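Below: the structure, in structure tokens.
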There are 2 protein chains.
Amino acid sequence: MTTGLTLGALRACPPSERMRLLDQLRDEHRALQALGLALDLTRGKPAAEQLDISDAMDGLLQEGSNSVDGIDARNYGTLEGLVEARELGARLLDVDASDVIAWNNASLTLMYYLLHFAHHLGINGRPPWQSVCGDDAVKFLCPVPGYDRHFTLTEALGIEMINVPLLDDGPDMDRIESLVRDDSLIKGIWNVPKHSNPTGVTYSDAVVDRLAALPRMAGEGFLVLMDNAYGVHDLHFPGPRLKSPLAAARQVGTQDQMALFASTSKITYAGSGVSFFAAGAHLRKAMLKGLSVLAVGPDKVNQLRHARFLEGRIEEQMRAQAALMRPKFELVEQRLAKGLAGLAEWNTPTGGYFVSVNLAPGTATRCVELAREAGVALTPAGAAFPYGSDPEDRHIRLAPSFATLDDLGEAMDAFVLCARLATLESIDKKAARS
Amino acid sequence: MTTGLTLGALRACPPSERMRLLDQLRDEHRALQALGLALDLTRGKPAAEQLDISDAMDGLLQEGSNSVDGIDARNYGTLEGLVEARELGARLLDVDASDVIAWNNASLTLMYYLLHFAHHLGINGRPPWQSVCGDDAVKFLCPVPGYDRHFTLTEALGIEMINVPLLDDGPDMDRIESLVRDDSLIKGIWNVPKHSNPTGVTYSDAVVDRLAALPRMAGEGFLVLMDNAYGVHDLHFPGPRLKSPLAAARQVGTQDQMALFASTSKITYAGSGVSFFAAGAHLRKAMLKGLSVLAVGPDKVNQLRHARFLEGRIEEQMRAQAALMRPKFELVEQRLAKGLAGLAEWNTPTGGYFVSVNLAPGTATRCVELAREAGVALTPAGAAFPYGSDPEDRHIRLAPSFATLDDLGEAMDAFVLCARLATLESIDKKAARS
């Protein structure tokens, strides 16, 4: 297959030439299988050298275990988290420290809590979603492609998901506003507003403002969830700027229906960091009330380590991360441009952890299968959609961070080959049917 | 008031003598108020010198960040926890490492998860409790006095609580068996089986066996919760031995209805430790399934620190804790014996964190109020009972760990005075009415 060959050209290709190309790609795929590769592009895990950047955290307690306001981090209590940890969260979320709860290692857990509290127990003085919706399912809006764990969480709580398109400046607000006007069972919307997972979009000011205003249209029980997982995870500095969602909400009085989340998982240690929640005073209080039932407080020792380690040097830390990430993203871009130009579409991320690839419709599942046969694990096709179901079966999420550059190169070569093969197989099948 | 004066003697006291005693105690209480004390016996918080014992944990990552089986603790994953952390949990819970999930800083959170999963989502292939009970409330058995946070958690989830007496060898099993036979809406029972909070009881082998057999009587949805918070927290070594609840459950086939919990909160750092869950394979799998929705994994870095720090030296660590705790418990015992013998009853703990005092019926709330006026914060009367309601208003939980010995002595003197005054006031009121 010649580089630069387009989908259109392939479709117009004479059958004999197509068969020749198909045989050639199948030979290459067989040769690849014989190599016995074992490569993994599935999850957005930092590489070991990214984790090494934070190894100086261990030992920082030797400076003492008290917070700046004299609280012994080693003992029980301080449900909202240490003040210096809340300040760290405030910088990540573009809010005030007083808006923030600093908690344990996973912001996903805080998202789960908020939805569980709202759905099963009721928050903000409102009845539980499950009780007002009766036998009908509560519904959530899910901009797609999106983060698979948001969707798994939503499904596990028994909440029905509705796809809405994620455009280049954020989710399709016209569609969203029309949906919430028509259906009072829609109780919230997921967002990754900066360097979105997986398409890398950063929401425009106009979209942030329209999302902030959405609860006034959708009703009192509605929540706008902003998982700002990549708020400082730029590849180039300064990165794109996100308008503060909480400030936008305060301007229109919806601050108690706007929930922000962040964590240090991809700043320091993945899975051993500090997570953050921010919201208006009432919603924050509702969250604290729920948290008070299930724990005496967060791990403040880890909060103290993080606050001391990152004090005044978040950008320095993220520049060090970006220096390790950039070559990997550049390699992915180069291999995609060389191997799939004209055959697929993808984004060139300005930050975050993923590259989002759209193959020819109907070929993503087959591409993942071919890659698996060749020893390259890809995120399952459809993973970035609710119920794992991509209506067009074309989207694949690549996670280049964990592999070494050498492995990444091999994996990308294999991916390109499998994408080409899946594409040509699909064209061939259609031609045979017509 | 003469030391050794009994309730009976006080009640039989001539009115003039009673008035004299009352005036004298009121004078003493006024003098106490003038001191402006600010002492706190409310919560089972370790003292700073207990936390110091574990300060060598900081820096242990310099030995490397890989687990014994080669997992980088700094990265995502390993939902069930690091193998060395699970081994630590196994030693605390008297089970195998393969029975254990090692999680974050709060075992209370794991208890919350289990009840939330069972109540709202359904576990073990069973429907959610909330759905099978319809409009009727799910019920839980609560041995009393018990741990206030268990009761707050249960109430928050909308589960109704039924008091059952906690006897000297564990809860009243005759009563429990009779209750579960008569009421299929009873879905579980709370237990702190060793050095119980707050009465210090350790369950007998016979009670462990009867609790293990209880699910066979109560039905498939029923859970026996064993919060073994003080499993190694002896004051003298060797401490009382608890028969392994999971082993007992396996003998009668109820291992998937027996849930064990523990944490290192009162072994190392309070609130910054590692928590543990253990159960039969099916229940453990159900728990992991629920956890997989709300987090990528636990904080394994903290697990690695704890496992390395406590490896082969749990008893040494607990002997160091006991050396700091014993003088405080001895002081409490001495002041109670000197000031309240004949007027109140209390236990002499063999471990754990609390002393449980039963005053004359109807006087606990008043005693706490008098202590507050004198600058001594006590746990609210009734806190050790569901809904904060002690039917006899006589129980007070003392938490001597956090105060210095000097402060504890002052606080105990104040407590004794307030208990005497509340008792005499109550006798005087009754005499006035009769």
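Here's how to read the names in the structure tokens: chain A, B, ... by the order shown, residue numbers from 1 in each chain, ligand numbers from 1 in the order shown.
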
**Report entry** Residue hits in chain B, query chain A, radius 7 Å, only C-alpha atoms, as a list in words
**Finding:**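 Close enough to count are Lys45, Leu51, Asp58, Gly59, Leu61, Arg74, Asn75, Tyr76, Asn105, Ala106, Leu108, Thr109, Tyr112, Thr152, Leu153, Tyr269, Ala270, Gly271, Ser272, Val293, Leu294, Ala295, Gly297, Pro298, Asp299, Lys300 and Val301 of chain B.
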
Selection file, N, CA, C and O atoms, as a CSV table (one decimal), in the first residue's frame:
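The new file out.csv reads:
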chain,number,residue,atom,x,y,z
B,45,LYS,N,-8.2,9.2,69.7
B,45,LYS,CA,-7.1,9.6,68.9
B,45,LYS,C,-5.8,9.2,69.6
B,45,LYS,O,-5.6,9.5,70.8
B,51,LEU,N,2.3,8.5,67.6
B,51,LEU,CA,2.6,8.6,66.2
B,51,LEU,C,4.1,8.7,65.9
B,51,LEU,O,4.5,8.1,64.9
B,58,ASP,N,8.8,7.3,56.8
B,58,ASP,CA,9.1,8.2,55.8
B,58,ASP,C,10.6,8.0,55.4
B,58,ASP,O,11.5,8.2,56.2
B,59,GLY,N,10.8,7.6,54.2
B,59,GLY,CA,12.1,7.3,53.7
B,59,GLY,C,12.3,5.9,53.3
B,59,GLY,O,13.3,5.6,52.6
B,61,LEU,N,10.9,4.3,51.0
B,61,LEU,CA,10.9,4.1,49.5
B,61,LEU,C,12.3,4.1,48.9
B,61,LEU,O,12.4,3.7,47.8
B,74,ARG,N,4.3,2.9,42.6
B,74,ARG,CA,4.0,4.3,42.2
B,74,ARG,C,3.0,4.4,41.1
B,74,ARG,O,2.5,5.5,40.8
B,75,ASN,N,2.7,3.3,40.4
B,75,ASN,CA,1.9,3.4,39.2
B,75,ASN,C,0.5,2.9,39.5
B,75,ASN,O,0.2,2.4,40.6
B,76,TYR,N,-0.4,3.0,38.5
B,76,TYR,CA,-1.8,2.6,38.6
B,76,TYR,C,-1.9,1.1,38.7
B,76,TYR,O,-1.0,0.3,38.4
B,105,ASN,N,-6.9,4.5,53.5
B,105,ASN,CA,-6.6,4.9,54.9
B,105,ASN,C,-7.8,4.6,55.9
B,105,ASN,O,-7.5,4.7,57.1
B,106,ALA,N,-8.9,4.2,55.4
B,106,ALA,CA,-10.0,4.1,56.4
B,106,ALA,C,-10.8,2.8,56.2
B,106,ALA,O,-11.5,2.6,55.1
B,108,LEU,N,-13.4,2.2,57.8
B,108,LEU,CA,-14.8,2.6,57.8
B,108,LEU,C,-15.4,2.8,56.4
B,108,LEU,O,-16.5,2.4,56.1
B,109,THR,N,-14.5,3.3,55.5
B,109,THR,CA,-14.9,3.4,54.1
B,109,THR,C,-15.2,2.1,53.5
B,109,THR,O,-16.2,2.0,52.7
B,112,TYR,N,-18.6,1.0,54.7
B,112,TYR,CA,-19.6,1.8,53.9
B,112,TYR,C,-19.8,1.2,52.6
B,112,TYR,O,-20.9,1.0,52.1
B,152,THR,N,-23.8,5.7,62.8
B,152,THR,CA,-24.0,6.9,61.9
B,152,THR,C,-24.1,6.4,60.4
B,152,THR,O,-25.0,6.9,59.7
B,153,LEU,N,-23.2,5.5,60.1
B,153,LEU,CA,-23.1,5.0,58.7
B,153,LEU,C,-24.4,4.2,58.4
B,153,LEU,O,-25.0,4.5,57.3
B,269,TYR,N,0.0,5.6,61.7
B,269,TYR,CA,-0.5,6.9,61.7
B,269,TYR,C,-2.1,6.8,61.7
B,269,TYR,O,-2.6,6.2,60.7
B,270,ALA,N,-2.7,7.5,62.6
B,270,ALA,CA,-4.2,7.5,62.5
B,270,ALA,C,-4.7,8.3,61.3
B,270,ALA,O,-4.3,9.4,61.1
B,271,GLY,N,-5.5,7.6,60.5
B,271,GLY,CA,-6.0,8.3,59.3
B,271,GLY,C,-5.1,8.3,58.1
B,271,GLY,O,-5.5,8.8,57.0
B,272,SER,N,-3.9,7.8,58.2
B,272,SER,CA,-3.0,7.8,57.1
B,272,SER,C,-2.4,6.4,56.9
B,272,SER,O,-1.3,6.2,56.5
B,293,VAL,N,-15.1,0.0,40.0
B,293,VAL,CA,-15.9,1.1,39.4
B,293,VAL,C,-15.5,2.5,40.0
B,293,VAL,O,-15.5,3.5,39.3
B,294,LEU,N,-15.0,2.5,41.2
B,294,LEU,CA,-14.7,3.8,41.8
B,294,LEU,C,-13.3,4.2,42.0
B,294,LEU,O,-12.9,5.3,42.4
B,295,ALA,N,-12.4,3.3,41.6
B,295,ALA,CA,-11.0,3.7,41.6
B,295,ALA,C,-10.2,2.7,40.7
B,295,ALA,O,-10.6,1.6,40.5
B,297,GLY,N,-7.2,1.8,41.7
B,297,GLY,CA,-6.6,1.0,42.7
B,297,GLY,C,-6.3,1.8,43.9
B,297,GLY,O,-6.6,3.0,44.0
B,298,PRO,N,-5.8,1.1,45.0
B,298,PRO,CA,-5.6,1.8,46.2
B,298,PRO,C,-4.2,2.5,46.2
B,298,PRO,O,-3.4,2.3,45.2
B,299,ASP,N,-3.9,3.3,47.2
B,299,ASP,CA,-2.6,3.9,47.3
B,299,ASP,C,-1.5,2.9,47.7
B,299,ASP,O,-1.4,2.6,48.9
B,300,LYS,N,-0.9,2.3,46.7
B,300,LYS,CA,0.1,1.2,46.9
B,300,LYS,C,1.4,1.7,47.5
B,300,LYS,O,2.1,1.0,48.1
B,301,VAL,N,1.7,3.0,47.3
B,301,VAL,CA,2.9,3.5,47.9
B,301,VAL,C,2.8,3.5,49.4
B,301,VAL,O,3.8,3.1,50.1

Would you kindly return, as a PDB file with N, CA and C atoms, in the first residue's frame, each protein, DNA or RNA residue with an atom no farther than 10 Å from any atom of segment 166-180 of chain A, considering only C-alpha atoms and excluding same-chain residues fewer than 4 positions away?
ATOM      1  N   PHE A 140     -28.024  10.613  32.081  1.00  0.00           N
ATOM      2  CA  PHE A 140     -26.853  11.489  32.094  1.00  0.00           C
ATOM      3  C   PHE A 140     -26.406  11.735  30.663  1.00  0.00           C
ATOM      4  N   LEU A 141     -25.946  12.954  30.403  1.00  0.00           N
ATOM      5  CA  LEU A 141     -25.403  13.284  29.081  1.00  0.00           C
ATOM      6  C   LEU A 141     -23.903  12.980  29.047  1.00  0.00           C
ATOM      7  N   CYS A 142     -23.485  12.304  27.993  1.00  0.00           N
ATOM      8  CA  CYS A 142     -22.087  11.881  27.868  1.00  0.00           C
ATOM      9  C   CYS A 142     -21.509  12.354  26.536  1.00  0.00           C
ATOM     10  N   PRO A 143     -20.745  13.452  26.561  1.00  0.00           N
ATOM     11  CA  PRO A 143     -20.047  13.847  25.337  1.00  0.00           C
ATOM     12  C   PRO A 143     -19.124  12.713  24.894  1.00  0.00           C
ATOM     13  N   VAL A 144     -19.192  12.376  23.585  1.00  0.00           N
ATOM     14  CA  VAL A 144     -18.385  11.264  23.071  1.00  0.00           C
ATOM     15  C   VAL A 144     -17.546  11.706  21.887  1.00  0.00           C
ATOM     16  N   PRO A 145     -16.336  11.108  21.738  1.00  0.00           N
ATOM     17  CA  PRO A 145     -15.742  10.118  22.634  1.00  0.00           C
ATOM     18  C   PRO A 145     -15.401  10.735  23.996  1.00  0.00           C
ATOM     19  N   GLY A 146     -15.432   9.891  25.035  1.00  0.00           N
ATOM     20  CA  GLY A 146     -15.145  10.376  26.378  1.00  0.00           C
ATOM     21  C   GLY A 146     -14.353   9.355  27.179  1.00  0.00           C
ATOM     22  N   ILE A 162     -26.737   9.051  27.591  1.00  0.00           N
ATOM     23  CA  ILE A 162     -27.132   9.564  26.273  1.00  0.00           C
ATOM     24  C   ILE A 162     -25.895  10.183  25.618  1.00  0.00           C
ATOM     25  N   SER A 184     -36.861  15.920  31.753  1.00  0.00           N
ATOM     26  CA  SER A 184     -36.493  16.297  33.125  1.00  0.00           C
ATOM     27  C   SER A 184     -35.797  15.161  33.867  1.00  0.00           C
ATOM     28  N   LEU A 185     -35.720  13.975  33.278  1.00  0.00           N
ATOM     29  CA  LEU A 185     -35.011  12.869  33.928  1.00  0.00           C
ATOM     30  C   LEU A 185     -33.504  12.939  33.694  1.00  0.00           C
ATOM     31  N   ILE A 186     -33.068  13.870  32.851  1.00  0.00           N
ATOM     32  CA  ILE A 186     -31.620  14.069  32.651  1.00  0.00           C
ATOM     33  C   ILE A 186     -31.084  14.860  33.837  1.00  0.00           C
ATOM     34  N   LYS A 187     -30.182  14.245  34.580  1.00  0.00           N
ATOM     35  CA  LYS A 187     -29.765  14.828  35.852  1.00  0.00           C
ATOM     36  C   LYS A 187     -28.326  15.336  35.856  1.00  0.00           C
ATOM     37  N   GLY A 188     -27.606  15.189  34.744  1.00  0.00           N
ATOM     38  CA  GLY A 188     -26.250  15.701  34.757  1.00  0.00           C
ATOM     39  C   GLY A 188     -25.516  15.470  33.463  1.00  0.00           C
ATOM     40  N   ILE A 189     -24.308  15.991  33.411  1.00  0.00           N
ATOM     41  CA  ILE A 189     -23.454  15.844  32.226  1.00  0.00           C
ATOM     42  C   ILE A 189     -21.995  15.700  32.649  1.00  0.00           C
ATOM     43  N   TRP A 190     -21.308  14.770  32.005  1.00  0.00           N
ATOM     44  CA  TRP A 190     -19.871  14.575  32.219  1.00  0.00           C
ATOM     45  C   TRP A 190     -19.071  15.532  31.326  1.00  0.00           C
ATOM     46  N   ASN A 191     -17.933  15.993  31.830  1.00  0.00           N
ATOM     47  CA  ASN A 191     -17.029  16.798  31.016  1.00  0.00           C
ATOM     48  C   ASN A 191     -15.585  16.566  31.442  1.00  0.00           C
ATOM     49  N   VAL A 192     -14.690  16.533  30.467  1.00  0.00           N
ATOM     50  CA  VAL A 192     -13.246  16.664  30.724  1.00  0.00           C
ATOM     51  C   VAL A 192     -12.847  17.917  29.961  1.00  0.00           C
ATOM     52  N   PRO A 193     -12.886  19.088  30.636  1.00  0.00           N
ATOM     53  CA  PRO A 193     -12.935  20.351  29.890  1.00  0.00           C
ATOM     54  C   PRO A 193     -11.604  20.805  29.287  1.00  0.00           C
ATOM     55  N   LYS A 194     -10.496  20.198  29.726  1.00  0.00           N
ATOM     56  CA  LYS A 194      -9.203  20.615  29.153  1.00  0.00           C
ATOM     57  C   LYS A 194      -8.418  19.386  28.713  1.00  0.00           C
ATOM     58  N   SER A 196      -9.168  17.105  26.677  1.00  0.00           N
ATOM     59  CA  SER A 196     -10.151  16.068  26.996  1.00  0.00           C
ATOM     60  C   SER A 196      -9.660  14.667  26.638  1.00  0.00           C
ATOM     61  N   THR A 199     -10.039  13.081  23.065  1.00  0.00           N
ATOM     62  CA  THR A 199      -9.819  13.819  21.816  1.00  0.00           C
ATOM     63  C   THR A 199      -8.952  15.065  21.973  1.00  0.00           C
ATOM     64  N   GLY A 200      -8.583  15.415  23.213  1.00  0.00           N
ATOM     65  CA  GLY A 200      -7.641  16.512  23.415  1.00  0.00           C
ATOM     66  C   GLY A 200      -8.243  17.901  23.316  1.00  0.00           C
ATOM     67  N   VAL A 201      -9.564  17.974  23.245  1.00  0.00           N
ATOM     68  CA  VAL A 201     -10.248  19.266  23.115  1.00  0.00           C
ATOM     69  C   VAL A 201     -10.157  20.065  24.416  1.00  0.00           C
ATOM     70  N   THR A 202      -9.973  21.390  24.314  1.00  0.00           N
ATOM     71  CA  THR A 202     -10.157  22.281  25.453  1.00  0.00           C
ATOM     72  C   THR A 202     -11.384  23.140  25.174  1.00  0.00           C
ATOM     73  N   TYR A 203     -12.303  23.161  26.150  1.00  0.00           N
ATOM     74  CA  TYR A 203     -13.575  23.861  25.943  1.00  0.00           C
ATOM     75  C   TYR A 203     -13.334  25.360  25.752  1.00  0.00           C
ATOM     76  N   SER A 204     -14.120  25.961  24.853  1.00  0.00           N
ATOM     77  CA  SER A 204     -14.064  27.414  24.646  1.00  0.00           C
ATOM     78  C   SER A 204     -14.772  28.130  25.798  1.00  0.00           C
ATOM     79  N   ASP A 205     -14.490  29.424  25.945  1.00  0.00           N
ATOM     80  CA  ASP A 205     -15.168  30.228  26.969  1.00  0.00           C
ATOM     81  C   ASP A 205     -16.685  30.162  26.787  1.00  0.00           C
ATOM     82  N   ALA A 206     -17.119  30.212  25.549  1.00  0.00           N
ATOM     83  CA  ALA A 206     -18.563  30.220  25.283  1.00  0.00           C
ATOM     84  C   ALA A 206     -19.210  28.917  25.752  1.00  0.00           C
ATOM     85  N   VAL A 207     -18.509  27.789  25.527  1.00  0.00           N
ATOM     86  CA  VAL A 207     -19.059  26.495  25.972  1.00  0.00           C
ATOM     87  C   VAL A 207     -19.084  26.426  27.500  1.00  0.00           C
ATOM     88  N   VAL A 208     -18.015  26.896  28.137  1.00  0.00           N
ATOM     89  CA  VAL A 208     -17.987  26.915  29.610  1.00  0.00           C
ATOM     90  C   VAL A 208     -19.170  27.734  30.129  1.00  0.00           C
ATOM     91  N   ARG A 210     -22.032  28.394  28.636  1.00  0.00           N
ATOM     92  CA  ARG A 210     -23.318  27.731  28.376  1.00  0.00           C
ATOM     93  C   ARG A 210     -23.511  26.531  29.315  1.00  0.00           C
ATOM     94  N   LEU A 211     -22.421  25.815  29.620  1.00  0.00           N
ATOM     95  CA  LEU A 211     -22.532  24.709  30.591  1.00  0.00           C
ATOM     96  C   LEU A 211     -22.864  25.247  31.979  1.00  0.00           C
ATOM     97  N   ALA A 213     -24.569  27.800  32.645  1.00  0.00           N
ATOM     98  CA  ALA A 213     -25.972  28.241  32.665  1.00  0.00           C
ATOM     99  C   ALA A 213     -26.952  27.077  32.545  1.00  0.00           C
ATOM    100  N   LEU A 214     -26.443  25.905  32.166  1.00  0.00           N
ATOM    101  CA  LEU A 214     -27.317  24.763  31.869  1.00  0.00           C
ATOM    102  C   LEU A 214     -28.257  24.377  33.018  1.00  0.00           C
ATOM    103  N   PRO A 215     -27.788  24.368  34.286  1.00  0.00           N
ATOM    104  CA  PRO A 215     -28.687  23.973  35.375  1.00  0.00           C
ATOM    105  C   PRO A 215     -29.934  24.849  35.480  1.00  0.00           C
ATOM    106  N   MET A 217     -31.668  25.807  33.076  1.00  0.00           N
ATOM    107  CA  MET A 217     -32.570  25.249  32.079  1.00  0.00           C
ATOM    108  C   MET A 217     -33.027  23.847  32.498  1.00  0.00           C
ATOM    109  N   ALA A 218     -32.103  23.116  33.154  1.00  0.00           N
ATOM    110  CA  ALA A 218     -32.324  21.687  33.412  1.00  0.00           C
ATOM    111  C   ALA A 218     -33.010  21.424  34.745  1.00  0.00           C
ATOM    112  N   GLY A 219     -32.965  22.371  35.666  1.00  0.00           N
ATOM    113  CA  GLY A 219     -33.653  22.179  36.941  1.00  0.00           C
ATOM    114  C   GLY A 219     -32.706  21.979  38.109  1.00  0.00           C
ATOM    115  N   PHE A 222     -30.025  19.006  38.755  1.00  0.00           N
ATOM    116  CA  PHE A 222     -29.044  18.758  37.686  1.00  0.00           C
ATOM    117  C   PHE A 222     -27.630  19.140  38.123  1.00  0.00           C
TER     118      PHE A 222
END

Requested in this report: Fewer than 2 positions away in the same chain doesn't count, so skip those; otherwise give me all residues within 7 Å of segment 342-351 of chain B, counting only C-alpha atoms, as an MDAnalysis selection string.
Outcome: chainID B and resid 4:7 195 199:200 233:236 333 340 353 355:360

Query raised in the report: Hey, can you check how far atom CA of Pro380 of chain A sits from atom CA of Leu39 of chain A?
Result: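 Separation between atom CA of Pro380 of chain A and atom CA of Leu39 of chain A: 14.5 Å.
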
Report task. Please identify which residues in segment 217-356 of chain B DSSP calls strand (DSSP E) from the backbone, and express them as JSON, numbers by chain. Result -> {"B": [223, 224, 225, 226, 227, 258, 259, 260, 261, 262, 263, 275, 276, 277, 278, 345, 346, 355, 356]}

Query raised in the report: Mind pulling up the distance from atom CA of Ile396 of chain A to atom CA of Val368 of chain A?
Result: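 Straight-line distance from atom CA of Val368 of chain A to atom CA of Ile396 of chain A works out to 8.2 Å.
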
Report task. Identify which of the residues A:Ser389, A:Gln317, A:Ser244, A:Ser401 lies closest to Asn163 of chain A, counting only C-alpha atoms when measuring atom-to-atom distances. Result ->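 Smallest separation from Asn163 of chain A among the options: A:Ser389.
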
Report task. Determine, counting only C-alpha atoms, which protein, DNA and RNA residues have an atom within 12 Å of an atom of Pro15 of chain B; residues of the same chain fewer than 2 positions away are not included. Present the result as number ranges by chain. Result -> B: 10-13, 17-22, 424, 427-432

Could you dump the residues just selected with N, CA, C and O atoms as a PDB file, in the first residue's frame?
ATOM      1  N   LEU B  10     -26.319   6.757  99.527  1.00  0.00           N
ATOM      2  CA  LEU B  10     -26.712   8.129  99.186  1.00  0.00           C
ATOM      3  C   LEU B  10     -28.228   8.285  99.180  1.00  0.00           C
ATOM      4  O   LEU B  10     -28.773   9.286  99.633  1.00  0.00           O
ATOM      5  N   ARG B  11     -28.890   7.266  98.621  1.00  0.00           N
ATOM      6  CA  ARG B  11     -30.347   7.336  98.541  1.00  0.00           C
ATOM      7  C   ARG B  11     -30.978   7.327  99.939  1.00  0.00           C
ATOM      8  O   ARG B  11     -32.013   7.959 100.179  1.00  0.00           O
ATOM      9  N   ALA B  12     -30.316   6.627 100.852  1.00  0.00           N
ATOM     10  CA  ALA B  12     -30.850   6.521 102.213  1.00  0.00           C
ATOM     11  C   ALA B  12     -30.429   7.687 103.106  1.00  0.00           C
ATOM     12  O   ALA B  12     -30.825   7.782 104.264  1.00  0.00           O
ATOM     13  N   CYS B  13     -29.638   8.560 102.553  1.00  0.00           N
ATOM     14  CA  CYS B  13     -29.055   9.683 103.297  1.00  0.00           C
ATOM     15  C   CYS B  13     -30.153  10.641 103.799  1.00  0.00           C
ATOM     16  O   CYS B  13     -31.095  10.943 103.050  1.00  0.00           O
ATOM     17  N   GLU B  17     -28.213  16.065 105.253  1.00  0.00           N
ATOM     18  CA  GLU B  17     -26.879  15.605 104.894  1.00  0.00           C
ATOM     19  C   GLU B  17     -26.705  15.644 103.376  1.00  0.00           C
ATOM     20  O   GLU B  17     -25.643  16.000 102.856  1.00  0.00           O
ATOM     21  N   ARG B  18     -27.773  15.269 102.627  1.00  0.00           N
ATOM     22  CA  ARG B  18     -27.708  15.267 101.164  1.00  0.00           C
ATOM     23  C   ARG B  18     -27.511  16.692 100.651  1.00  0.00           C
ATOM     24  O   ARG B  18     -26.730  16.952  99.742  1.00  0.00           O
ATOM     25  N   MET B  19     -28.241  17.658 101.268  1.00  0.00           N
ATOM     26  CA  MET B  19     -28.105  19.054 100.865  1.00  0.00           C
ATOM     27  C   MET B  19     -26.689  19.545 101.095  1.00  0.00           C
ATOM     28  O   MET B  19     -26.132  20.298 100.293  1.00  0.00           O
ATOM     29  N   ARG B  20     -26.106  19.129 102.229  1.00  0.00           N
ATOM     30  CA  ARG B  20     -24.745  19.549 102.556  1.00  0.00           C
ATOM     31  C   ARG B  20     -23.769  19.034 101.487  1.00  0.00           C
ATOM     32  O   ARG B  20     -22.938  19.781 100.965  1.00  0.00           O
ATOM     33  N   LEU B  21     -23.943  17.740 101.141  1.00  0.00           N
ATOM     34  CA  LEU B  21     -23.076  17.132 100.117  1.00  0.00           C
ATOM     35  C   LEU B  21     -23.249  17.840  98.777  1.00  0.00           C
ATOM     36  O   LEU B  21     -22.278  18.112  98.064  1.00  0.00           O
ATOM     37  N   LEU B  22     -24.509  18.134  98.442  1.00  0.00           N
ATOM     38  CA  LEU B  22     -24.813  18.775  97.163  1.00  0.00           C
ATOM     39  C   LEU B  22     -24.162  20.161  97.103  1.00  0.00           C
ATOM     40  O   LEU B  22     -23.524  20.521  96.100  1.00  0.00           O
ATOM     41  N   LEU B 424     -25.922  12.860  92.582  1.00  0.00           N
ATOM     42  CA  LEU B 424     -26.582  13.408  93.766  1.00  0.00           C
ATOM     43  C   LEU B 424     -27.776  14.288  93.379  1.00  0.00           C
ATOM     44  O   LEU B 424     -28.825  14.252  94.020  1.00  0.00           O
ATOM     45  N   ILE B 427     -30.643  11.984  92.657  1.00  0.00           N
ATOM     46  CA  ILE B 427     -31.242  11.427  93.879  1.00  0.00           C
ATOM     47  C   ILE B 427     -32.076  12.493  94.579  1.00  0.00           C
ATOM     48  O   ILE B 427     -33.198  12.238  95.038  1.00  0.00           O
ATOM     49  N   ASP B 428     -31.527  13.707  94.569  1.00  0.00           N
ATOM     50  CA  ASP B 428     -32.212  14.806  95.241  1.00  0.00           C
ATOM     51  C   ASP B 428     -33.552  15.110  94.560  1.00  0.00           C
ATOM     52  O   ASP B 428     -34.570  15.311  95.215  1.00  0.00           O
ATOM     53  N   LYS B 429     -33.534  15.113  93.212  1.00  0.00           N
ATOM     54  CA  LYS B 429     -34.764  15.366  92.453  1.00  0.00           C
ATOM     55  C   LYS B 429     -35.818  14.310  92.756  1.00  0.00           C
ATOM     56  O   LYS B 429     -36.994  14.609  92.945  1.00  0.00           O
ATOM     57  N   LYS B 430     -35.346  13.055  92.761  1.00  0.00           N
ATOM     58  CA  LYS B 430     -36.290  11.962  93.004  1.00  0.00           C
ATOM     59  C   LYS B 430     -36.872  12.067  94.405  1.00  0.00           C
ATOM     60  O   LYS B 430     -38.067  11.830  94.622  1.00  0.00           O
ATOM     61  N   ALA B 431     -36.007  12.429  95.374  1.00  0.00           N
ATOM     62  CA  ALA B 431     -36.460  12.564  96.758  1.00  0.00           C
ATOM     63  C   ALA B 431     -37.492  13.687  96.864  1.00  0.00           C
ATOM     64  O   ALA B 431     -38.498  13.565  97.569  1.00  0.00           O
ATOM     65  N   ALA B 432     -37.230  14.789  96.122  1.00  0.00           N
ATOM     66  CA  ALA B 432     -38.152  15.928  96.157  1.00  0.00           C
ATOM     67  C   ALA B 432     -39.525  15.544  95.610  1.00  0.00           C
ATOM     68  O   ALA B 432     -40.553  16.039  96.063  1.00  0.00           O
TER      69      ALA B 432
END

Query raised in the report: For the atom pair atom CA of Cys418 of chain B and atom CA of Asn197 of chain B, what is the interatomic distance in Å to one decimal place?
Result: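 Between atom CA of Cys418 of chain B and atom CA of Asn197 of chain B the gap works out to 23.2 Å.
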
Query raised in the report: Smallest atom-to-atom distance to Thr254 of chain B: which of B:Asp40, B:Glu425, B:Asp183, B:Glu220, using only C-alpha atoms?
Result: B:Glu220

Query raised in the report: Could you pull out the alpha helix (DSSP H) residues of segment 179-244 of chain B from DSSP and send them as a list in words?
Result: Leu179, Val180, Arg181, Asp182, Asp205, Ala206, Val207, Val208, Asp209, Arg210, Leu211, Ala212, Ala213, Leu214, Pro215, Arg216, Met217 and Ala218 of chain B
